[in-house]
Structures are given as structure tokens and as C-alpha cells.
>>> print(open('run_12.txt').read())   # compact mmCIF, C-alpha atoms
# COMPACT_ATOMS: atom_id res chain seq x y z
CA MET A 1 -23.79 -73.27 186.52
CA ILE A 2 -21.92 -73.34 183.19
CA LYS A 3 -19.22 -76.03 183.24
CA ARG A 4 -18.15 -75.94 179.60
CA VAL A 5 -17.99 -73.26 176.93
CA THR A 6 -17.56 -73.89 173.22
CA ILE A 7 -16.30 -71.07 171.01
CA ILE A 8 -16.62 -71.56 167.25
CA VAL A 9 -14.87 -68.95 165.10
CA MET A 10 -16.34 -68.52 161.63
CA ASP A 11 -13.03 -67.20 160.38
CA SER A 12 -13.35 -63.81 158.63
CA LEU A 13 -17.15 -63.36 158.76
CA GLY A 14 -17.11 -59.63 159.52
CA ILE A 15 -20.36 -57.66 159.75
CA GLY A 16 -19.37 -54.16 158.67
CA ALA A 17 -16.49 -51.71 158.57
CA LEU A 18 -15.13 -50.40 161.86
CA PRO A 19 -15.01 -46.60 162.32
CA ASP A 20 -11.25 -46.65 161.62
CA ALA A 21 -11.47 -48.98 158.61
CA GLY A 22 -10.35 -46.20 156.25
CA ARG A 23 -6.97 -46.18 157.97
CA PHE A 24 -6.55 -49.78 156.81
CA GLY A 25 -7.87 -49.18 153.29
CA ASP A 26 -11.14 -50.93 154.16
CA GLU A 27 -13.75 -48.18 154.21
CA GLY A 28 -17.13 -49.63 153.24
CA ALA A 29 -16.14 -53.25 153.81
CA ASP A 30 -18.98 -55.54 154.91
CA THR A 31 -18.36 -59.26 154.52
CA LEU A 32 -21.82 -60.51 155.50
CA GLY A 33 -23.70 -57.64 153.89
CA HIS A 34 -21.92 -57.88 150.56
CA ILE A 35 -22.36 -61.65 150.45
CA LEU A 36 -26.08 -61.07 150.90
CA ASP A 37 -26.00 -58.41 148.17
CA SER A 38 -24.40 -60.89 145.79
CA CYS A 39 -26.56 -63.97 146.35
CA SER A 40 -29.33 -65.46 148.43
CA LEU A 41 -28.42 -66.68 151.90
CA ARG A 42 -30.57 -69.25 153.67
CA ILE A 43 -29.39 -69.45 157.27
CA PRO A 44 -32.47 -70.07 159.44
CA ASN A 45 -30.54 -71.39 162.43
CA LEU A 46 -28.07 -68.49 162.66
CA ARG A 47 -30.97 -66.10 162.17
CA LYS A 48 -32.88 -67.79 164.98
CA LEU A 49 -29.96 -67.14 167.35
CA GLY A 50 -30.06 -63.45 166.42
CA MET A 51 -27.50 -62.97 163.65
CA GLY A 52 -29.78 -60.53 161.80
CA ASN A 53 -30.72 -58.68 164.99
CA ILE A 54 -27.16 -57.52 165.66
CA THR A 55 -26.71 -53.78 165.20
CA GLY A 56 -25.79 -53.09 161.58
CA ALA A 57 -25.57 -56.74 160.53
CA ALA A 58 -26.67 -57.13 156.89
CA GLY A 59 -28.72 -53.95 157.17
CA GLY A 60 -31.39 -55.72 159.20
CA ARG A 61 -32.34 -57.98 156.29
CA LEU A 62 -31.88 -61.16 158.36
CA GLU A 63 -33.71 -59.98 161.48
CA VAL A 64 -36.20 -62.24 163.32
CA LYS A 65 -38.85 -61.26 165.86
CA GLU A 66 -37.85 -63.45 168.81
CA PRO A 67 -34.17 -64.52 168.80
CA SER A 68 -33.41 -67.62 170.84
CA GLY A 69 -29.92 -66.54 171.89
CA ALA A 70 -27.95 -63.53 173.08
CA PHE A 71 -26.23 -61.47 170.39
CA GLY A 72 -23.99 -58.46 169.80
CA ARG A 73 -21.15 -56.95 167.81
CA PHE A 74 -17.60 -56.30 168.95
CA MET A 75 -15.04 -53.65 168.02
CA GLU A 76 -11.38 -54.47 167.53
CA ARG A 77 -9.26 -52.55 169.99
CA SER A 78 -5.94 -53.90 168.73
CA ASN A 79 -4.05 -52.37 165.84
CA GLY A 80 -4.52 -54.95 163.12
CA LYS A 81 -6.91 -57.12 161.13
CA ASP A 82 -5.16 -60.47 160.98
CA THR A 83 -5.91 -63.89 162.41
CA ILE A 84 -3.47 -63.81 165.32
CA THR A 85 -4.42 -60.29 166.40
CA GLY A 86 -8.12 -61.17 166.25
CA HIS A 87 -7.89 -64.46 168.12
CA TRP A 88 -5.48 -63.07 170.68
CA GLU A 89 -7.83 -60.18 171.40
CA ILE A 90 -10.77 -62.57 171.75
CA ALA A 91 -8.67 -64.38 174.35
CA GLY A 92 -7.63 -61.21 176.20
CA ILE A 93 -4.50 -59.81 174.52
CA TYR A 94 -4.23 -56.23 173.29
CA THR A 95 -1.84 -55.84 170.35
CA GLN A 96 -0.76 -52.20 170.28
CA VAL A 97 2.11 -52.50 167.82
CA PRO A 98 0.96 -54.40 164.73
CA PHE A 99 2.96 -57.32 163.47
CA LYS A 100 5.55 -56.29 160.90
CA THR A 101 4.53 -56.79 157.27
CA TYR A 102 6.67 -57.15 154.14
CA PRO A 103 4.79 -55.69 151.16
CA ASP A 104 8.01 -55.59 149.09
CA GLY A 105 9.20 -59.05 150.10
CA PHE A 106 11.62 -60.14 152.78
CA PRO A 107 15.15 -58.66 153.04
CA GLN A 108 17.78 -60.27 150.85
CA GLU A 109 20.14 -61.04 153.73
CA LEU A 110 17.33 -62.92 155.49
CA MET A 111 16.52 -64.91 152.36
CA ASP A 112 20.20 -65.77 151.84
CA GLU A 113 20.39 -67.20 155.35
CA PHE A 114 17.09 -69.00 154.83
CA CYS A 115 18.51 -70.73 151.74
CA ARG A 116 21.68 -71.67 153.58
CA ARG A 117 19.73 -73.28 156.42
CA ILE A 118 17.25 -75.24 154.31
CA GLY A 119 19.68 -76.36 151.59
CA ARG A 120 17.35 -75.23 148.81
CA GLY A 121 16.74 -72.08 146.81
CA TYR A 122 13.52 -70.12 146.69
CA LEU A 123 11.19 -68.53 144.17
CA GLY A 124 8.88 -65.55 144.55
CA ASN A 125 9.49 -63.56 147.73
CA CYS A 126 6.63 -61.21 146.91
CA THR A 127 3.07 -60.35 147.88
CA ALA A 128 0.71 -62.75 146.15
CA SER A 129 -2.43 -64.84 146.23
CA GLY A 130 -1.57 -68.38 147.30
CA THR A 131 -3.60 -70.08 144.60
CA GLU A 132 -2.22 -67.80 141.90
CA ILE A 133 1.45 -68.02 142.81
CA ILE A 134 1.56 -71.81 142.70
CA GLU A 135 0.27 -71.60 139.14
CA GLN A 136 2.73 -68.87 138.21
CA LEU A 137 5.79 -70.54 139.75
CA GLY A 138 4.72 -74.19 140.00
CA ASP A 139 6.50 -75.39 136.87
CA GLU A 140 9.82 -73.84 137.90
CA HIS A 141 9.44 -75.10 141.47
CA GLU A 142 8.77 -78.63 140.26
CA LYS A 143 11.78 -78.53 137.91
CA THR A 144 14.27 -76.98 140.35
CA GLY A 145 13.06 -77.99 143.82
CA LYS A 146 13.20 -74.37 144.96
CA VAL A 147 10.41 -73.58 147.42
CA ILE A 148 7.87 -70.84 146.73
CA VAL A 149 7.93 -68.00 149.27
CA TYR A 150 5.27 -65.31 149.41
CA THR A 151 3.48 -62.99 151.81
CA SER A 152 0.30 -60.89 151.99
CA ALA A 153 -0.99 -57.79 153.75
CA ASP A 154 -0.71 -59.85 156.95
CA SER A 155 2.49 -60.60 158.80
CA VAL A 156 3.07 -63.99 157.20
CA PHE A 157 5.96 -65.89 155.61
CA GLN A 158 4.25 -68.53 153.49
CA ILE A 159 6.10 -71.45 151.95
CA ALA A 160 4.41 -73.46 149.20
CA ALA A 161 5.65 -76.73 147.76
CA ASN A 162 4.46 -79.74 145.80
CA THR A 163 4.74 -82.62 148.26
CA ASP A 164 6.03 -84.89 145.48
CA ILE A 165 9.01 -82.50 145.21
CA VAL A 166 9.40 -81.46 148.85
CA PRO A 167 8.00 -84.14 151.19
CA LEU A 168 5.58 -82.87 153.80
CA GLU A 169 7.87 -83.45 156.78
CA GLU A 170 10.69 -81.61 155.02
CA LEU A 171 8.34 -78.70 154.30
CA TYR A 172 7.42 -78.58 158.00
CA ASP A 173 11.12 -78.63 158.91
CA ILE A 174 11.78 -75.77 156.46
CA CYS A 175 9.00 -73.78 158.13
CA SER A 176 10.47 -74.46 161.57
CA LYS A 177 13.82 -73.12 160.37
CA ALA A 178 12.13 -70.04 158.94
CA ARG A 179 10.35 -69.51 162.26
CA GLU A 180 13.73 -69.47 164.03
CA LEU A 181 14.94 -66.72 161.71
CA LEU A 182 11.87 -64.50 161.80
CA LYS A 183 12.36 -62.73 165.09
CA GLY A 184 13.83 -59.48 166.34
CA GLU A 185 14.73 -57.30 163.37
CA TYR A 186 12.89 -59.69 161.06
CA SER A 187 9.85 -60.29 163.26
CA CYS A 188 6.86 -61.96 161.62
CA GLY A 189 3.56 -63.15 163.06
CA ARG A 190 3.28 -66.51 161.33
CA VAL A 191 5.15 -68.91 159.09
CA ILE A 192 2.67 -71.01 157.12
CA ALA A 193 3.30 -74.30 155.36
CA ARG A 194 1.26 -74.40 152.14
CA PRO A 195 1.59 -77.90 150.63
CA TYR A 196 -0.08 -78.79 147.35
CA ILE A 197 -0.48 -81.77 145.06
CA MET A 198 -1.14 -82.32 141.37
CA LYS A 199 -4.57 -83.83 140.71
CA ASN A 200 -5.96 -84.29 137.21
CA GLY A 201 -3.40 -81.81 135.93
CA LYS A 202 -4.34 -79.13 138.47
CA ARG A 203 -2.44 -77.84 141.48
CA ILE A 204 -4.59 -78.38 144.57
CA ARG A 205 -3.64 -77.10 148.03
CA THR A 206 -4.06 -79.79 150.68
CA SER A 207 -5.46 -79.66 154.20
CA ASP A 208 -1.96 -80.28 155.61
CA ARG A 209 -1.39 -76.57 156.11
CA ARG A 210 0.43 -75.80 159.34
CA ASP A 211 0.92 -72.44 161.06
CA TYR A 212 3.99 -71.55 163.13
CA ALA A 213 3.08 -68.54 165.25
CA VAL A 214 4.82 -66.50 167.89
CA SER A 215 3.69 -67.08 171.46
CA PRO A 216 1.26 -64.63 173.11
CA PRO A 217 3.07 -62.00 175.21
CA ASP A 218 0.80 -62.52 178.23
CA GLU A 219 -1.58 -65.06 179.70
CA THR A 220 -4.78 -65.58 177.75
CA MET A 221 -8.18 -67.07 178.44
CA LEU A 222 -6.69 -70.45 177.49
CA ASP A 223 -3.92 -70.24 180.11
CA LEU A 224 -6.29 -69.12 182.84
CA VAL A 225 -8.84 -71.85 182.17
CA SER A 226 -6.24 -74.62 181.91
CA ARG A 227 -4.54 -73.41 185.10
CA THR A 228 -7.68 -74.38 187.03
CA GLY A 229 -7.22 -77.97 185.89
CA LYS A 230 -9.96 -77.79 183.28
CA THR A 231 -9.56 -78.95 179.69
CA VAL A 232 -8.76 -76.54 176.85
CA TYR A 233 -9.54 -78.49 173.70
CA ALA A 234 -8.25 -76.79 170.53
CA ILE A 235 -9.81 -77.74 167.20
CA GLY A 236 -8.36 -76.66 163.85
CA LYS A 237 -5.61 -74.06 163.81
CA ILE A 238 -6.29 -72.77 167.35
CA ARG A 239 -3.25 -74.58 168.74
CA ASP A 240 -1.04 -73.01 166.07
CA ILE A 241 -2.44 -69.51 166.63
CA PHE A 242 -1.56 -69.64 170.33
CA ASN A 243 1.62 -71.65 169.76
CA GLY A 244 0.20 -74.28 172.12
CA SER A 245 0.03 -71.92 175.10
CA GLY A 246 -2.74 -72.96 177.47
CA VAL A 247 -3.87 -75.84 175.23
CA THR A 248 -4.30 -79.22 176.94
CA GLU A 249 -5.57 -81.20 173.91
CA ALA A 250 -5.61 -80.42 170.20
CA VAL A 251 -6.87 -81.96 166.98
CA HIS A 252 -6.24 -81.09 163.33
CA THR A 253 -9.12 -80.58 160.90
CA GLU A 254 -9.45 -81.23 157.17
CA ASN A 255 -12.07 -78.55 156.44
CA ASN A 256 -15.04 -76.72 157.96
CA ASP A 257 -17.27 -79.79 157.97
CA ASP A 258 -14.60 -81.83 159.70
CA GLY A 259 -14.18 -79.02 162.23
CA VAL A 260 -17.89 -79.16 163.05
CA THR A 261 -17.76 -82.96 163.34
CA LYS A 262 -14.80 -82.81 165.72
CA THR A 263 -16.56 -80.12 167.77
CA ILE A 264 -19.61 -82.38 168.14
CA GLU A 265 -17.31 -85.26 169.10
CA ALA A 266 -15.77 -83.06 171.81
CA LEU A 267 -19.22 -82.09 173.09
CA ASN A 268 -20.11 -85.77 173.35
CA ARG A 269 -17.19 -86.29 175.73
CA ASN A 270 -17.48 -85.64 179.44
CA PHE A 271 -15.16 -82.87 180.60
CA GLU A 272 -15.27 -79.35 182.00
CA GLY A 273 -13.54 -76.41 180.38
CA LEU A 274 -13.23 -74.86 176.93
CA VAL A 275 -13.67 -76.15 173.40
CA PHE A 276 -12.15 -73.65 170.96
CA THR A 277 -12.73 -74.26 167.24
CA ASN A 278 -11.57 -72.35 164.18
CA LEU A 279 -13.34 -72.92 160.87
CA VAL A 280 -10.84 -71.53 158.38
CA ASP A 281 -12.47 -72.33 155.03
CA PHE A 282 -14.61 -69.17 155.07
CA ASP A 283 -11.38 -67.15 155.01
CA SER A 284 -8.93 -69.28 153.05
CA LYS A 285 -11.21 -70.74 150.38
CA PHE A 286 -13.72 -67.95 149.82
CA GLY A 287 -12.74 -64.61 151.38
CA HIS A 288 -9.18 -64.53 150.05
CA ARG A 289 -10.33 -65.90 146.72
CA ARG A 290 -13.06 -63.25 146.45
CA ASP A 291 -15.81 -65.80 145.98
CA PRO A 292 -19.07 -64.49 147.50
CA ALA A 293 -21.17 -67.38 146.17
CA GLY A 294 -18.78 -69.94 147.61
CA TYR A 295 -18.69 -68.03 150.89
CA ALA A 296 -22.51 -68.01 151.01
CA GLY A 297 -22.58 -71.75 150.40
CA ALA A 298 -20.11 -72.35 153.23
CA ILE A 299 -22.22 -70.29 155.65
CA GLU A 300 -25.29 -72.27 154.63
CA GLU A 301 -23.45 -75.56 155.14
CA PHE A 302 -22.44 -74.50 158.64
CA ASP A 303 -25.97 -73.35 159.37
CA SER A 304 -27.35 -76.74 158.33
CA ARG A 305 -25.15 -78.43 160.95
CA LEU A 306 -25.79 -75.95 163.73
CA PRO A 307 -28.78 -77.97 165.11
CA GLN A 308 -26.44 -80.96 165.57
CA ILE A 309 -24.10 -78.80 167.64
CA LEU A 310 -26.97 -77.50 169.77
CA ASP A 311 -28.37 -81.02 170.23
CA ALA A 312 -24.97 -82.26 171.48
CA MET A 313 -24.83 -79.62 174.19
CA LYS A 314 -25.58 -80.53 177.80
CA PRO A 315 -27.64 -78.34 180.17
CA ASP A 316 -24.42 -76.87 181.63
CA ASP A 317 -22.91 -76.05 178.20
CA MET A 318 -22.69 -72.62 176.59
CA LEU A 319 -21.97 -71.94 172.92
CA ILE A 320 -20.41 -68.80 171.46
CA ILE A 321 -20.23 -68.40 167.69
CA CYS A 322 -18.17 -65.44 166.50
CA SER A 323 -15.67 -64.23 163.91
CA ASP A 324 -12.14 -62.80 164.21
CA HIS A 325 -11.91 -60.13 161.44
CA GLY A 326 -13.44 -59.53 158.04
CA ASN A 327 -12.57 -60.72 154.55
CA ASP A 328 -15.07 -59.02 152.28
CA PRO A 329 -15.22 -61.10 149.07
CA VAL A 330 -16.20 -58.10 146.95
CA HIS A 331 -13.55 -55.78 148.38
CA SER A 332 -10.48 -54.93 146.32
CA GLY A 333 -7.41 -57.11 146.68
CA TRP A 334 -7.48 -60.48 148.42
CA ASP A 335 -6.73 -59.67 152.05
CA HIS A 336 -8.56 -59.26 155.35
CA THR A 337 -10.80 -56.28 156.06
CA ARG A 338 -11.09 -54.23 159.25
CA GLU A 339 -14.62 -54.98 160.49
CA TYR A 340 -16.83 -55.54 163.49
CA ILE A 341 -17.13 -59.18 164.48
CA PHE A 342 -20.39 -60.78 165.59
CA GLY A 343 -21.14 -62.84 168.68
CA LEU A 344 -24.02 -65.29 169.18
CA ILE A 345 -24.46 -67.01 172.55
CA ALA A 346 -26.70 -70.04 173.12
CA GLY A 347 -27.47 -72.60 175.81
CA GLU A 348 -30.15 -73.62 178.28
CA GLN A 349 -28.88 -71.10 180.83
CA ILE A 350 -28.75 -68.13 178.41
CA LYS A 351 -31.37 -65.38 178.48
CA ASN A 352 -33.04 -65.46 175.07
CA GLY A 353 -33.18 -62.23 173.10
CA THR A 354 -30.44 -60.43 175.03
CA ASP A 355 -28.97 -57.66 172.87
CA LEU A 356 -25.40 -56.92 173.95
CA GLY A 357 -25.27 -53.95 171.59
CA THR A 358 -21.81 -52.82 170.51
CA ARG A 359 -18.99 -53.95 172.79
CA LYS A 360 -15.70 -52.05 172.87
CA SER A 361 -13.38 -55.01 172.43
CA PHE A 362 -13.25 -58.56 171.09
CA ALA A 363 -11.72 -59.29 174.50
CA ASP A 364 -15.14 -59.10 176.17
CA ILE A 365 -15.67 -62.63 174.84
CA GLY A 366 -12.60 -64.03 176.58
CA ALA A 367 -13.30 -62.01 179.72
CA THR A 368 -16.78 -63.53 179.91
CA VAL A 369 -15.60 -67.09 179.30
CA THR A 370 -12.84 -66.75 181.89
CA ASP A 371 -15.27 -65.23 184.39
CA ILE A 372 -17.69 -68.13 183.93
CA LEU A 373 -15.21 -71.02 183.87
CA THR A 374 -13.18 -69.75 186.84
CA ASP A 375 -16.32 -68.56 188.68
CA GLY A 376 -14.94 -65.05 188.84
CA GLY A 377 -11.60 -66.18 190.22
CA MET A 378 -9.46 -65.02 187.29
CA LYS A 379 -9.52 -62.17 184.80
CA THR A 380 -7.97 -61.59 181.41
CA SER A 381 -5.72 -58.55 181.10
CA ILE A 382 -8.29 -56.70 178.99
CA GLY A 383 -12.00 -57.08 178.36
CA GLU A 384 -15.20 -56.67 180.34
CA SER A 385 -17.34 -59.69 181.21
CA PHE A 386 -20.99 -59.68 180.15
CA ARG A 387 -21.75 -62.77 182.26
CA SER A 388 -24.43 -61.02 184.31
CA LEU A 389 -26.23 -59.87 181.16
CA ILE A 390 -26.61 -63.29 179.54
CA LEU A 391 -27.11 -65.86 182.31
CA LYS A 392 -30.57 -66.60 183.64
>>> encode(input="run_12.txt", output="C-alpha cells")
Amino acid sequence: MIKRVTIIVMDSLGIGALPDAGRFGDEGADTLGHILDSCSLRIPNLRKLGMGNITGAAGGRLEVKEPSGAFGRFMERSNGKDTITGHWEIAGIYTQVPFKTYPDGFPQELMDEFCRRIGRGYLGNCTASGTEIIEQLGDEHEKTGKVIVYTSADSVFQIAANTDIVPLEELYDICSKARELLKGEYSCGRVIARPYIMKNGKRIRTSDRRDYAVSPPDETMLDLVSRTGKTVYAIGKIRDIFNGSGVTEAVHTENNDDGVTKTIEALNRNFEGLVFTNLVDFDSKFGHRRDPAGYAGAIEEFDSRLPQILDAMKPDDMLIICSDHGNDPVHSGWDHTREYIFGLIAGEQIKNGTDLGTRKSFADIGATVTDILTDGGMKTSIGESFRSLILK
């Protein structure tokens, strides 16, 4: 019997454009495939679990003869390609109406009220790359104390500041005030604190990012598992994505490597329930920055630590490694791409070599986890469990 499930999200590692990708401007996107086109990729441990055996993944170039895990690809049913929509669907939420976006910036009346509440002015209010806008507006921000506001193709209100000018706690308070404003007519999926520092004359974003999300509209996998009295241990930005709903314990991470370390630490503890980890560097440091070589290196670094994760697992543990959307580093622009996500499942009780094929929703992951951890007693609102297909 499985007593604990660990989900690790390799944020943005899509494996090919969805059939409706053209509607999102993402026809031909393929995060994994285009990374492999651009540079070599040595990932023996992910390959062993079946990454290259998934339908369409990297054109079969990473396939192995006898995968040691179960594997498959998942379609996004929800109308979006952002972090919240992807994670929520994994956990059993269907988002029919996409979160509102602001390609031309946020309305002036909203920004006027924002300034009144925070006691500072702002710069920007446009669609931009986070690393580029702090270079473009950093000097003025540091002279005037006005915060830098920007957005992207996602539903996000991002606030950047040098922490020597706007202390970190004040930046968090500013984000909380923005979150209060961004509802109803001005709805927005996330407010994101983007602190940076000056180091050797360069502006460097820190790991003190914080996300302020809306709450899920219905119960998720996290709520259902925690309701049984089991632990839901959130690692990285998982707590922020679900606005704390269903989370019993949470820990912040500095980077991908720290996220893996904290996942192993959780596995070394003795509890039943769910460990849910997000590794954001793939997306924030390499996908958005259109850096295929850096992205490849990050995948290889994760792959090198995968044996430590597997070694920390107990006989009644199950591991799911997946993604939440795409972010093709050779695609135009700097935003997410509408792609299939992958799923790899491992553990002593998993049938090796099980091909799940193409599943109709990300939510099949959450449905399966909920089915296993509640022993069939609870179900997510959407998603079909594949428990019977993978367990010995």
C-alpha cells in the first residue's frame, strides 16, 4: 500500500505543442525537443524512468529499451498556459475562463489607487522581461524610490525593487496591498514580489521572490489529502500557488538544488501524505530568458540528483515527476508555451514499463494521487485515476 506520494514539478518542461497551441501563438513549440536540438543532453536517470519513451517526447531520441518506471503525457484541459492554471489542473481544478491579462499595462485608475495605498510612485506598467526591465528602469528606481511594475503574457502583476531602496518586508507589504486591489473588475492571477540587489555593479534578482495568488475555487488534491489527517508538505512556491489551501507544512527554497535537498529531507522524515515540490529555475532562469544551454544544464543537474531522491524513498513511497506547461527557450518572445506535460512514476510498487499513453487532462495526476492516499474514499472534481494501471 502506498502511504506517501511525492510530486516534483520540473516547472515549464513541456514535451511538444498541444493540438490547440496555434490558438495561443505556440504552434510548433517543443521545450524538451528544441533543447535537445540546441545542445547535448545527458540525462540517464530520467531516460531510465521512461522520459524518452513517452509518445512524441524529443522525437524518440531519448528512448530506452526497458524503462524502470511508468510514463505518459498529459493534455491541458483548462484554458491557459500559466503556472496557476497548470498546477491547479494537476490538483483537480478546471479553469474554463482564463485569468485576465494586461498586455497594455494596468488601468490608470488602478495604478493611481495603488500609489495612494503604498505611498510610493511606480515605473513601467508594461509587458516586459523581468531581467531586462530592472536594467532599463533600475537607475530611475534607485534615484526616486518608485517601484517597478510590469506584467507578461500571464496574469501577473510583478513588482521589482532593489532591497537597499525598498526593504524586503516593505516590498512584501506593497505586494499584499496590490493583491487586495486586484480582484473583481481588476482580477489578476498572481502578484509577484521580484526583489533584486546590486552585486559587483550588476543587478541580480534574489531568491526572496514571493507569489500572492488567488485561492482555488474548489477543493483540490491538497485539501482532500489533508482532510484525512495526512500531511501535505509544500516545497518551493507550491504554498503560494494554492494560497495555502490544503497545505499543512511549507518550506521556502533558494533554487532547484535546494528544492531537491529539501525534498530528500522530507522523504527522510516519517509521515504519511503528500510531498509537493516545485522547481522553478527551469522556467524563471532559463525558459523565460530563452537560454537552451542553461536549461539543458539545469535538467542534467536535476538528473544527477535523481538517484538520491530514489534512494531516500521507502517501500511504501511513490514518486511522480512532471511539468506544468511549456516554456520553449527557442520560441519567440519570453513567455510560456502551450504544450503537453510529461509524467514519470517510480517506486517499489509501480509496474515497470507501463505506458500511460496520452491522458486527456493534467488532472489525472491529482485524481490518481487522491485515489491512492484516500484509498478511493475521495475524488477530485475532474480527472481520471490511473491507479489500477500502475500499481503491482
>>> atom_distance(input="run_12.txt", atom1="CA of Ala293 (chain A)", atom2="CA of Asp11 (chain A)")
16.4 Å
>>> closest_residue(input="run_12.txt", among="A:Phe286, A:Tyr295, A:Phe302, A:Phe242", to="Asp335 (chain A)", atoms="only C-alpha atoms")
A:Phe286
>>> residues_around(input="run_12.txt", residues="Asn327 (chain A)", least_positions_apart="2", cutoff="8 Å", atoms="all atoms listed in the file", output="PyMOL selection string")
chain A and resi 12-14+31+283+287-288+325+329+331+334-337
>>> atom_distance(input="run_12.txt", atom1="CA of Glu169 (chain A)", atom2="CA of Thr248 (chain A)")
23.9 Å
>>> residues_around(input="run_12.txt", residues="Asp139 (chain A)", least_positions_apart="6", cutoff="12 Å", atoms="all atoms listed in the file", output="PyMOL selection string")
chain A and resi 123+133+145-148+161-162+165+198+201-203
>>> closest_residue(input="run_12.txt", among="A:Ser323, A:Ser187, A:Thr261, A:Ser38", to="Arg338 (chain A)", atoms="all atoms listed in the file")
A:Ser323
>>> atom_distance(input="run_12.txt", atom1="CA of Met1 (chain A)", atom2="CA of Ile390 (chain A)")
12.5 Å
>>> residues_near_point(input="run_12.txt", point="(1.5, -81.9, 150.4)", cutoff="10 Å", atoms="all atoms listed in the file", output="list in words")
Ala160, Ala161, Asn162, Thr163, Asp164, Ile165, Val166, Pro167, Leu168, Glu169, Leu171, Ala193, Arg194, Pro195, Tyr196, Ile197, Met198, Ile204, Arg205, Thr206, Ser207, Asp208 and Arg209 of chain A
>>> closest_residue(input="run_12.txt", among="A:Gly28, A:Pro19, A:Pro67, A:Gly189", to="Ser215 (chain A)", atoms="all atoms listed in the file")
A:Gly189
>>> residues_around(input="run_12.txt", residues="Gln96 (chain A)", least_positions_apart="2", cutoff="10 Å", atoms="all atoms listed in the file", output="ChimeraX atom specification")
/A:77-80,85,93-94,98-99
>>> axis_aligned_box(input="run_12.txt", around="region 99-108 of chain A", padding_each_side="5 Å", output="JSON")
{"center_x": 10.4, "center_y": -57.9, "center_z": 156.3, "size_x": 24.8, "size_y": 14.7, "size_z": 24.4}
>>> residues_around(input="run_12.txt", residues="Ala17 (chain A)", least_positions_apart="5", cutoff="7 Å", atoms="only C-alpha atoms", output="PyMOL selection string")
chain A and resi 26-30+338-340
>>> residues_near_point(input="run_12.txt", point="(-28.3, -66.2, 178.5)", cutoff="12 Å", atoms="all atoms listed in the file", output="PDB file with C-alpha atoms, in the coordinates of the input")
ATOM      1  CA  MET A   1     -23.790 -73.270 186.520  1.00  0.00           C
ATOM      2  CA  ILE A   2     -21.920 -73.340 183.190  1.00  0.00           C
ATOM      3  CA  LEU A  49     -29.960 -67.140 167.350  1.00  0.00           C
ATOM      4  CA  PRO A  67     -34.170 -64.520 168.800  1.00  0.00           C
ATOM      5  CA  SER A  68     -33.410 -67.620 170.840  1.00  0.00           C
ATOM      6  CA  GLY A  69     -29.920 -66.540 171.890  1.00  0.00           C
ATOM      7  CA  ALA A  70     -27.950 -63.530 173.080  1.00  0.00           C
ATOM      8  CA  PHE A  71     -26.230 -61.470 170.390  1.00  0.00           C
ATOM      9  CA  ASP A 316     -24.420 -76.870 181.630  1.00  0.00           C
ATOM     10  CA  ASP A 317     -22.910 -76.050 178.200  1.00  0.00           C
ATOM     11  CA  MET A 318     -22.690 -72.620 176.590  1.00  0.00           C
ATOM     12  CA  LEU A 319     -21.970 -71.940 172.920  1.00  0.00           C
ATOM     13  CA  ILE A 320     -20.410 -68.800 171.460  1.00  0.00           C
ATOM     14  CA  LEU A 344     -24.020 -65.290 169.180  1.00  0.00           C
ATOM     15  CA  ILE A 345     -24.460 -67.010 172.550  1.00  0.00           C
ATOM     16  CA  ALA A 346     -26.700 -70.040 173.120  1.00  0.00           C
ATOM     17  CA  GLY A 347     -27.470 -72.600 175.810  1.00  0.00           C
ATOM     18  CA  GLU A 348     -30.150 -73.620 178.280  1.00  0.00           C
ATOM     19  CA  GLN A 349     -28.880 -71.100 180.830  1.00  0.00           C
ATOM     20  CA  ILE A 350     -28.750 -68.130 178.410  1.00  0.00           C
ATOM     21  CA  LYS A 351     -31.370 -65.380 178.480  1.00  0.00           C
ATOM     22  CA  ASN A 352     -33.040 -65.460 175.070  1.00  0.00           C
ATOM     23  CA  GLY A 353     -33.180 -62.230 173.100  1.00  0.00           C
ATOM     24  CA  THR A 354     -30.440 -60.430 175.030  1.00  0.00           C
ATOM     25  CA  ASP A 355     -28.970 -57.660 172.870  1.00  0.00           C
ATOM     26  CA  LEU A 356     -25.400 -56.920 173.950  1.00  0.00           C
ATOM     27  CA  THR A 368     -16.780 -63.530 179.910  1.00  0.00           C
ATOM     28  CA  PHE A 386     -20.990 -59.680 180.150  1.00  0.00           C
ATOM     29  CA  ARG A 387     -21.750 -62.770 182.260  1.00  0.00           C
ATOM     30  CA  SER A 388     -24.430 -61.020 184.310  1.00  0.00           C
ATOM     31  CA  LEU A 389     -26.230 -59.870 181.160  1.00  0.00           C
ATOM     32  CA  ILE A 390     -26.610 -63.290 179.540  1.00  0.00           C
ATOM     33  CA  LEU A 391     -27.110 -65.860 182.310  1.00  0.00           C
ATOM     34  CA  LYS A 392     -30.570 -66.600 183.640  1.00  0.00           C
TER      35      LYS A 392
END
>>> closest_residue(input="run_12.txt", among="A:Val369, A:Ala91, A:Ile43, A:Ala312", to="Asn270 (chain A)", atoms="only C-alpha atoms")
A:Ala312
>>> residues_around(input="run_12.txt", residues="Ser385 (chain A)", least_positions_apart="2", cutoff="10 Å", atoms="all atoms listed in the file", output="PDB file with C-alpha atoms, keeping the file's coordinate frame")
ATOM      1  CA  ALA A 363     -11.720 -59.290 174.500  1.00  0.00           C
ATOM      2  CA  ASP A 364     -15.140 -59.100 176.170  1.00  0.00           C
ATOM      3  CA  ILE A 365     -15.670 -62.630 174.840  1.00  0.00           C
ATOM      4  CA  GLY A 366     -12.600 -64.030 176.580  1.00  0.00           C
ATOM      5  CA  ALA A 367     -13.300 -62.010 179.720  1.00  0.00           C
ATOM      6  CA  THR A 368     -16.780 -63.530 179.910  1.00  0.00           C
ATOM      7  CA  VAL A 369     -15.600 -67.090 179.300  1.00  0.00           C
ATOM      8  CA  THR A 370     -12.840 -66.750 181.890  1.00  0.00           C
ATOM      9  CA  ASP A 371     -15.270 -65.230 184.390  1.00  0.00           C
ATOM     10  CA  ILE A 372     -17.690 -68.130 183.930  1.00  0.00           C
ATOM     11  CA  GLY A 376     -14.940 -65.050 188.840  1.00  0.00           C
ATOM     12  CA  LYS A 379      -9.520 -62.170 184.800  1.00  0.00           C
ATOM     13  CA  THR A 380      -7.970 -61.590 181.410  1.00  0.00           C
ATOM     14  CA  ILE A 382      -8.290 -56.700 178.990  1.00  0.00           C
ATOM     15  CA  GLY A 383     -12.000 -57.080 178.360  1.00  0.00           C
ATOM     16  CA  ARG A 387     -21.750 -62.770 182.260  1.00  0.00           C
ATOM     17  CA  SER A 388     -24.430 -61.020 184.310  1.00  0.00           C
ATOM     18  CA  LEU A 389     -26.230 -59.870 181.160  1.00  0.00           C
TER      19      LEU A 389
END
>>> closest_residue(input="run_12.txt", among="A:Asp375, A:Thr101, A:Lys143, A:Phe342", to="Gly52 (chain A)", atoms="only C-alpha atoms")
A:Phe342
>>> closest_residue(input="run_12.txt", among="A:Ala58, A:Val214, A:Glu384, A:Thr253", to="Lys360 (chain A)", atoms="only C-alpha atoms")
A:Glu384
